[in-house]
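In what follows, a single structure is set out as structure tokens and then discussed.
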Amino acid sequence: MEKSIRKSIIKHGKSNWQKNKLKKIAKSGLYEVWYTIIDDIKNQQAFWIRYTLLVPREKVKIDKDKTMEENIDALKGGGADLWFAYFDAKAPNSNFIIKKRYPLSNVEGSINMKDNTFRIIKIEESEIFIDKMHGNFKTASGIDVAWDLEFSHFQEAYVSVPGWSKTLGINPTLLRGLHSNMRISGKIKFKGKAVQLSETPGIQYHTFGDRYANPWVWASAHTFKENEDIWLDLGYKKDIEKASMGFFDGKTEFLKNKVHLMKKIKCVSSPTKASAEVEGKNVKVSAKFTVPKESLLGIEYLGPRGNRLYCYNSEVASCVLTYAYKQEDGSFGQEREIHAEDSVAFETLYKEPLPELDYLPWDAEENN
């Protein structure tokens with residue numbers, strides 16, 4: 001891995017959690033998420049693995065007669081979760097999502113290991129490094145999952161939501177694409193099955209903040225049949241009608257968090273579709289995302305301030321992307337159309353649950 005790429009991934013993937021800063025972190029509250037999506041295109045299935053921390057907003061008084069771990073676990077509602085979701089585009093009835101909660105005191109923040117490997121986060125025995133991850137858990141009913149994965153095909157991190165947007169109060173949630181189009185090798189086990197992966201496409205993102213940004217839409221496409229190096233990222237905050245878009249054509253990254261583009265990106269969405277278009281300085285892009293309703297999984301999220309959000313998520317959505325480059329005379333050249341089928345990440349978030357769709361409650365391990 002090149003030094004500049006390594007530095008970028010560490011900078012944007014590093015955890016905000018440190019045990020010895022409990023009082024300061026709890027003062028504003030924190031939720032932090034690392035999620036990895038693996039697209040097994042050949043079998044039209046996908047996996048979503050999520051490491052999550054929640055530090056409730058609370059005025060903490062450190063009891064010096066207790067250990068730091070005891071002080072941490074005294075936080076009401078604090079904890080860490082491992083999530084695992086499976087999506088099958090051919091048989092959506094087999095889709096499922098489960099999770100397991102652990103005490104927040106069992107979480108170890110980012111650290112540079114003795115062998116110079118950088119570990120981003122550790123929950124119980126499940127770890128994420130900048131170039132690999134492993135973990136496992138079992139629900140109370142006996143559903144067990146495990147993963148042992150290595151990454152390759154690295155790029156510098158994509159800053160989907162710039163830091164100044166949080167400073168200005170535009171967006172309290174920051175989103176970082178640590179691996180916007182990587183390759184994944186290794187093994188995933190779930191429900192007695194084993195899937196062997198070899199250079200399988202995937203992505204990994206880091207999301208964090210002191211409260212949720214809501215409602216919003218997020219979509220990421222990186223498995224285009226016509227060009228495997230192209231990727232597209234869309235984030236749309238519906239309440240203020242502002243969006244960010246990243247487009248990488250395999251050589252150059254365009255539309256990268258330009259302030260003047262945030263209002264120019266036109267976006268409309270529903271739980272099963274979204275479309276967005278924008279004309280940038282050197283390129284114009286139009287994207288259409290679609291997903292069958294039966295391929296969505298619903299999840300309830302809890303924020304540091306007690307608010308709840310309802311996410312409807314699929315990793316087997318599809319995308320039609322058209323793009324054209326600006327020519328010397330100022331006009332745009334011929335449009336190119338490319339396709340990603342049953343391998344696109346797409347989610348919408350709401351303040352209230354949608355009546356027609358089920359969801360996994362925050363306090364539940366599984367929703368069968």
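The chains in the structure tokens are called A, B, ... from first to last as shown; in each chain the residues are counted from 1, and the ligands are counted from 1 in the order shown.
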Test item: residues at most 6 Å from region 242-244 of chain A, only C-alpha atoms, excluding those fewer than 6 positions along its chain, as a list of chain:residue names: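 So, after excluding close chain neighbours, the residues are A:Leu234, A:Gly235, A:Tyr236, A:Met262, A:Lys263.
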Env of Ser152 (chain A): 8 Å cut, atoms = only C-alpha atoms, seq-sep filter 3 positions within chain, self excluded. Answer as a CSV table (one decimal) with C-alpha atoms, in the first residue's frame.
```
chain,number,residue,atom,x,y,z
A,131,ASP,CA,-6.4,-3.9,5.0
A,182,MET,CA,-11.8,-2.5,-3.1
A,183,ARG,CA,-11.4,-6.2,-3.7
A,184,ILE,CA,-12.0,-8.7,-0.9
A,199,GLU,CA,-11.0,-10.6,-5.4
```
Who sits within 6 Å of region 95-104 of chain A, only C-alpha atoms, same chain under 6 positions skipped, as a PyMOL selection string: chain A and resi 79-87+365-366
Wanna dump the region 280-325 of chain A-region 33-55 of chain A contacts at 10 Å for me, each residue with its shortest atom pair and the distance in Å to one decimal, counting only C-alpha atoms, ordered by chain and number, as a Markdown table?
```
| residue | atom | partner | partner_atom | distance |
| --- | --- | --- | --- | --- |
| A:Leu302 | CA | A:Leu54 | CA | 8.3 |
| A:Gly303 | CA | A:Leu54 | CA | 7.3 |
| A:Pro304 | CA | A:Val55 | CA | 5.9 |
| A:Arg305 | CA | A:Val55 | CA | 9.3 |
| A:Asn313 | CA | A:Trp48 | CA | 9.9 |
| A:Ser314 | CA | A:Ala46 | CA | 9.0 |
| A:Glu315 | CA | A:Ala46 | CA | 6.0 |
| A:Val316 | CA | A:Ala46 | CA | 6.6 |
```
Writer output for current selection, N, CA and C atoms, as a compact mmCIF listing (two decimals), in the first residue's frame:
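Output file out.txt is given in full below:
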```txt
# COMPACT_ATOMS: atom_id res chain seq x y z
N LEU A 302 -30.72 3.92 17.03
CA LEU A 302 -30.84 4.79 18.20
C LEU A 302 -29.65 5.73 18.23
N GLY A 303 -29.91 7.02 18.42
CA GLY A 303 -28.85 8.01 18.44
C GLY A 303 -28.40 8.36 19.86
N PRO A 304 -27.30 9.12 20.00
CA PRO A 304 -26.77 9.49 21.32
C PRO A 304 -27.73 10.31 22.16
N ARG A 305 -28.69 10.98 21.51
CA ARG A 305 -29.64 11.83 22.24
C ARG A 305 -31.00 11.17 22.39
N ASN A 313 -32.75 -0.60 3.74
CA ASN A 313 -31.45 -0.80 3.15
C ASN A 313 -31.44 -2.03 2.24
N SER A 314 -30.74 -1.91 1.11
CA SER A 314 -30.49 -3.07 0.27
C SER A 314 -29.09 -2.97 -0.32
N GLU A 315 -28.44 -4.10 -0.47
CA GLU A 315 -27.13 -4.15 -1.12
C GLU A 315 -27.22 -4.82 -2.49
N VAL A 316 -28.45 -5.06 -2.95
CA VAL A 316 -28.63 -5.67 -4.28
C VAL A 316 -29.54 -4.80 -5.14
```
Restricting the calculation to only C-alpha atoms: of A:Glu58, A:Glu328, A:Glu335, A:Glu347, which residue gets closest to Ile25 (chain A)?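 Once distances to Ile25 (chain A) are computed over only C-alpha atoms, the minimum belongs to A:Glu58.
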Within 9 Å of Lys266 (chain A), counting only C-alpha atoms, which residues show up once you throw out same-chain ones fewer than 2 positions away? Write them as a tab-separated table (two decimals) with N, CA and C atoms, in the first residue's frame, please.
```tsv
chain	number	residue	atom	x	y	z
A	241	GLU	N	-32.43	19.72	1.27
A	241	GLU	CA	-32.30	19.60	-0.18
A	241	GLU	C	-30.90	19.92	-0.68
A	242	LYS	N	-29.93	19.31	-0.01
A	242	LYS	CA	-28.54	19.44	-0.43
A	242	LYS	C	-27.95	18.04	-0.61
A	243	ALA	N	-27.07	17.92	-1.58
A	243	ALA	CA	-26.50	16.60	-1.89
A	243	ALA	C	-25.02	16.72	-2.18
A	263	LYS	N	-26.13	22.54	-4.07
A	263	LYS	CA	-27.49	22.93	-4.43
A	263	LYS	C	-27.81	22.57	-5.88
A	264	LYS	N	-26.79	22.38	-6.69
A	264	LYS	CA	-27.02	22.11	-8.10
A	264	LYS	C	-27.41	20.65	-8.36
A	268	VAL	N	-34.30	13.21	-6.40
A	268	VAL	CA	-35.61	12.80	-5.90
A	268	VAL	C	-35.50	11.35	-5.48
A	275	SER	N	-33.13	9.19	-8.13
A	275	SER	CA	-32.44	9.68	-9.32
A	275	SER	C	-31.74	10.98	-8.97
A	276	ALA	N	-30.59	11.20	-9.59
A	276	ALA	CA	-29.81	12.41	-9.32
A	276	ALA	C	-29.09	12.81	-10.59
A	277	GLU	N	-28.93	14.11	-10.77
A	277	GLU	CA	-28.18	14.60	-11.92
A	277	GLU	C	-27.51	15.92	-11.57
A	278	VAL	N	-26.37	16.16	-12.22
A	278	VAL	CA	-25.63	17.38	-11.96
A	278	VAL	C	-24.69	17.65	-13.13
```
Enumerate, as a ChimeraX atom specification, the complete set of residues in region 125-260 of chain A that a backbone-based DSSP assignment places in alpha helix (DSSP H). /A:163-167
Determine, counting only C-alpha atoms, which protein, DNA and RNA residues have an atom within 7 Å of an atom of Tyr325 (chain A); residues of the same chain fewer than 4 positions away are not included. Present the result as a compact mmCIF listing (two decimals) with N, CA and C atoms, in the first residue's frame.
```txt
# COMPACT_ATOMS: atom_id res chain seq x y z
N ASN A 282 -16.31 19.85 -15.33
CA ASN A 282 -15.74 19.07 -16.43
C ASN A 282 -16.55 17.86 -16.82
N VAL A 283 -17.62 17.58 -16.11
CA VAL A 283 -18.40 16.38 -16.40
C VAL A 283 -19.85 16.59 -15.98
N LYS A 284 -20.76 15.93 -16.65
CA LYS A 284 -22.14 15.88 -16.18
C LYS A 284 -22.52 14.42 -15.96
N PHE A 332 -20.86 19.54 -23.95
CA PHE A 332 -20.59 18.20 -23.46
C PHE A 332 -20.59 17.22 -24.62
N GLY A 333 -19.67 16.28 -24.55
CA GLY A 333 -19.53 15.29 -25.61
C GLY A 333 -20.59 14.20 -25.51
```
Pick from A:Gln196, A:Ser8, A:Ser15, A:Asn227 nearest to Val159 (chain A), counting only C-alpha atoms: A:Ser8
Check the smallest atom-to-atom distance from each of A:Glu300, A:Glu341, A:Asp233, A:Glu150 to Asp358 (chain A) using only C-alpha atoms, then report the winner.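 Between A:Glu300, A:Glu341, A:Asp233, A:Glu150, the residue approaching Asp358 (chain A) most closely is A:Glu300.
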Which residues of region 129-187 of chain A come within 9 Å of region 256-259 of chain A, and what is each one's closest atom pair and distance in Å (one decimal), counting only C-alpha atoms, sorted by chain and residue number, as a tab-separated table?
```
residue	atom	partner	partner_atom	distance
A:Tyr158	CA	A:Lys256	CA	8.4
A:Val159	CA	A:Asn257	CA	7.7
A:Ser160	CA	A:Asn257	CA	6.8
A:Val161	CA	A:Asn257	CA	7.1
A:Pro162	CA	A:Asn257	CA	6.8
```
Nearest-residue call for Glu156 (chain A), choices A:Gly142, A:Pro271, A:Ile10, A:Ser295, using only C-alpha atoms: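 So, comparing all the options, the nearest one is A:Ile10.
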Test item: residues at most 7 Å from Val107 (chain A), only C-alpha atoms, excluding those fewer than 3 positions along its chain, as a list of chain:residue names: A:Leu104, A:Lys122, A:Ile123, A:Glu124
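Compared by their closest atoms to His179 (chain A), and using only C-alpha atoms, the residues A:His12, A:Arg57, A:Lys3, A:His260 rank with A:His12 nearest.
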Shell around Ile230 (chain A) at 9 Å using only C-alpha atoms, local window under 6 positions removed, as a PDB file with N, CA and C atoms, in the first residue's frame:
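around.pdb, freshly written:
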```
ATOM      1  N   ASN A 181     -13.842   1.229  -3.681  1.00  0.00           N
ATOM      2  CA  ASN A 181     -13.960   0.179  -4.696  1.00  0.00           C
ATOM      3  C   ASN A 181     -12.803  -0.794  -4.528  1.00  0.00           C
ATOM      4  N   ALA A 221     -22.490   2.883  -6.040  1.00  0.00           N
ATOM      5  CA  ALA A 221     -22.392   1.898  -7.119  1.00  0.00           C
ATOM      6  C   ALA A 221     -20.942   1.763  -7.540  1.00  0.00           C
ATOM      7  N   HIS A 222     -20.458   0.526  -7.605  1.00  0.00           N
ATOM      8  CA  HIS A 222     -19.039   0.310  -7.913  1.00  0.00           C
ATOM      9  C   HIS A 222     -18.820  -0.990  -8.681  1.00  0.00           C
ATOM     10  N   THR A 223     -19.871  -1.564  -9.217  1.00  0.00           N
ATOM     11  CA  THR A 223     -19.728  -2.852  -9.919  1.00  0.00           C
ATOM     12  C   THR A 223     -20.285  -2.754 -11.343  1.00  0.00           C
ATOM     13  N   PHE A 224     -19.930  -1.687 -12.033  1.00  0.00           N
ATOM     14  CA  PHE A 224     -20.441  -1.493 -13.391  1.00  0.00           C
ATOM     15  C   PHE A 224     -19.851  -2.539 -14.341  1.00  0.00           C
ATOM     16  N   PHE A 247     -17.736  10.952  -8.239  1.00  0.00           N
ATOM     17  CA  PHE A 247     -17.695  10.133  -9.449  1.00  0.00           C
ATOM     18  C   PHE A 247     -16.237   9.908  -9.821  1.00  0.00           C
ATOM     19  N   PHE A 248     -15.852   8.641  -9.921  1.00  0.00           N
ATOM     20  CA  PHE A 248     -14.488   8.273 -10.294  1.00  0.00           C
ATOM     21  C   PHE A 248     -14.563   7.455 -11.573  1.00  0.00           C
ATOM     22  N   ASP A 249     -13.912   7.920 -12.621  1.00  0.00           N
ATOM     23  CA  ASP A 249     -14.020   7.258 -13.924  1.00  0.00           C
ATOM     24  C   ASP A 249     -12.916   6.236 -14.176  1.00  0.00           C
ATOM     25  N   GLY A 250     -12.172   5.917 -13.119  1.00  0.00           N
ATOM     26  CA  GLY A 250     -11.065   4.983 -13.248  1.00  0.00           C
ATOM     27  C   GLY A 250      -9.717   5.664 -13.305  1.00  0.00           C
ATOM     28  N   LYS A 251      -9.743   6.988 -13.573  1.00  0.00           N
ATOM     29  CA  LYS A 251      -8.503   7.767 -13.645  1.00  0.00           C
ATOM     30  C   LYS A 251      -8.582   9.033 -12.795  1.00  0.00           C
TER      31      LYS A 251
END
```
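Of the listed residues (A:Ile9, A:Val217, A:Phe190, A:Gly77), A:Gly77 comes nearest to Gly29 (chain A); the distances count only C-alpha atoms.
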DSSP says strand (DSSP E) for which residues of region 108-275 of chain A? Put them as a PyMOL selection string? chain A and resi 108+111-112+118-123+126-129+132-138+144-152+158-159+173-190+193-209+216-221+231-237+242-248+253-254+266-270+273-275
